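S.K.: Below are the structure tokens for one structure; questions will follow.
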Amino acid sequence: MAEQAGHLLINRQRITLAAGDNDIDTGLKQTALNFDPDPNMADRTMVLPMAPLDNWAGVTHENPYYDAGTGTVHVVINNPGGEPVVINVLFWDPHTSIGPIDVDDYNVVEQPPI
Amino acid sequence: MALTAGHLLFSRQRITIPNGQSTFDTGLEQTAWNFFPDPELGGLDPSYADPDGTPSRIMVVPMMPTDNWAGISIHEPYVDPATGRVFVDFENPGAEVTCNVLFWDPHARICPLNADTYRSVEDCDPPVEGQSFADISNGNI
């Protein structure tokens, strides 16, 4: 993992999701750059599904959160299937882009079941 | 294609993927920026030869309509030594389909980055005997 030039802000991972909730460490950390009042780091973390999208069928995730123990952003990803599935996902903190950021919650609790 | 300010780092393309395996030129090239030891632009061989060997930092981001991505998978991006650009092999088990895709090299961001390979050895088909890079590049496979 390359962190010599600063905190990790882009991390593409291939992860295996067990059935149910999986707490995933994105590896992303707070950068020293700040464009107040941007969303806080956990909220602005982008969780981008990548191919093969079939493996994302039914998969949902909660809003990312900051884990004080590791100093990194975590996200809980739910796999409703009974079997483990491997997904490619891009975790991205866009804070070093030269521009402000706005985000809504990822929360899907209020969405009707499929 | 806009290359005035440097090498191409973003390329959103509308690509038509035939049934089977096909190769696409992302148009992305190495930038002079470097945050060693960030992931490489890509290995020099098609990924199925060594899917766990060289994670490419190129992001292949599916874009809408995502329904068209059903069944589509990709191999690890790799550098074509002839052109110096990054190529990606797609697998389409179904009928020909058109997809929108963003190829993105995040290297010019002011931060380090990390990448796993997109596929593992376990989920890759073994290379076909007699298959060569040239065959793939020429669309013969």
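The chains in the structure tokens are called A, B, ... from first to last as shown; in each chain the residues are counted from 1, and the ligands are counted from 1 in the order shown.
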Need the shell around Asp25 in chain A: protein/DNA/RNA residues with any atom at most 7 Å away, counting only C-alpha atoms. Skip same-chain ones fewer than 5 positions apart. Format as a PDB file with C-alpha atoms, in the first residue's frame?

M.R.:
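Once written, part-v1.pdb looks like this:
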ATOM      1  CA  THR A  72      -9.482   4.882   8.953  1.00  0.00           C
ATOM      2  CA  VAL A  73     -12.920   4.935   7.378  1.00  0.00           C
ATOM      3  CA  HIS A  74     -14.933   1.746   7.580  1.00  0.00           C
ATOM      4  CA  VAL A  75     -18.119   0.758   5.828  1.00  0.00           C
TER       5      VAL A  75
END

S.K.: So which residues touch Gly27 in chain A within 12 Å, counting only C-alpha atoms, skipping near sequence neighbours fewer than 4 positions away, as a count of residues only?

M.R.: 30

S.K.: Could you name the residues that touch Gly94 in chain B at 8 Å or less, counting only C-alpha atoms, but leaving out those on the same chain fewer than 3 positions away, as a list in words?

M.R.: Asn19, Gly20 and Gly71 of chain B

S.K.: Keeping only C-alpha atoms, write the selected residues as a compact mmCIF listing (two decimals), in the first residue's frame.

M.R.:
# COMPACT_ATOMS: atom_id res chain seq x y z
CA ASN B 19 -19.74 -11.94 -27.43
CA GLY B 20 -16.66 -13.50 -25.92
CA GLY B 71 -22.62 -10.63 -17.13

S.K.: Looking at only C-alpha atoms, which of B:Asn68, B:Gln30, B:Thr98, B:Asn92 is the one that sits closest to His7 in chain B?

M.R.: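 Residue with the minimum atom-to-atom distance to His7 in chain B: B:Gln30.
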
S.K.: How far is it from CA of Thr26 in chain A to CA of Phe24 in chain B, in Å with one decimal?

M.R.: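 Rounded to one decimal, the two atoms are 29.4 Å apart.
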
S.K.: Of the candidates A:Asn63, A:Asn78, A:Asn22, A:Gln30, which shows the shortest atom-to-atom distance to chain B, using only C-alpha atoms?

M.R.: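 That would be A:Gln30, the residue with the smallest distance to chain B.
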
S.K.: Using only C-alpha atoms, which of the listed residues (B:Ile15, B:Leu28, B:Ile72, B:Met63) sits closest to chain A?

M.R.: B:Ile72

S.K.: Work out how far CA of Thr23 in chain B is from CA of Ala95 in chain B, in Å to one decimal.

M.R.: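 Between CA of Ala95 in chain B and CA of Thr23 in chain B the gap works out to 16.1 Å.
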
S.K.: Excluding Asn88 in chain A and its own-chain neighbours fewer than 6 positions away, which residues fall within 7 Å of it when counting only C-alpha atoms? Please give them as a PyMOL selection string.

M.R.: (chain A and resi 13-15+49-51) or (chain B and resi 118)

S.K.: Just the number, please: distance in Å from CA of Ile74 in chain B to CA of Val85 in chain A, one decimal.

M.R.: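 Interatomic distance, CA of Ile74 in chain B to CA of Val85 in chain A: 16.5 Å.
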
S.K.: Could you tell me which of B:Gly42, B:Trp69, B:Glu76, B:Glu29 comes closest to Leu53 in chain A if we count only C-alpha atoms?

M.R.: B:Trp69

S.K.: Residues near Trp104 in chain B, anyone? I mean within 8 Å using only C-alpha atoms, not counting same-chain ones fewer than 6 positions away, as a list of chain:residue names.

M.R.: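 Listing them by chain and then by number gives B:Leu9, B:Phe10, B:Ser11, B:Leu28, B:Ile58, B:Met59, B:Val60, B:Val61.
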
S.K.: Compare B:Pro77, B:Pro55, B:Pro62, B:Gly84 by their minimum atom-to-atom distance to chain A, counting only C-alpha atoms, and give me the closest one.

M.R.: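 The answer is B:Pro62, which sits nearest to chain A.
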
S.K.: Go through A:Val86, A:Arg44, A:Gly69, A:Lys29 one by one, measure the shortest atom-to-atom distance of each to Ala57 in chain A using only C-alpha atoms, and give the residue with the smallest value.

M.R.: A:Val86

S.K.: Run DSSP on the backbone and grab whatever in range 46-89 of chain B lands in helix (DSSP H, G or I); send it over as a list in words.

M.R.: Ser47, Tyr48, Ala49, Thr66, Asp67, Asn68 and Trp69 of chain B
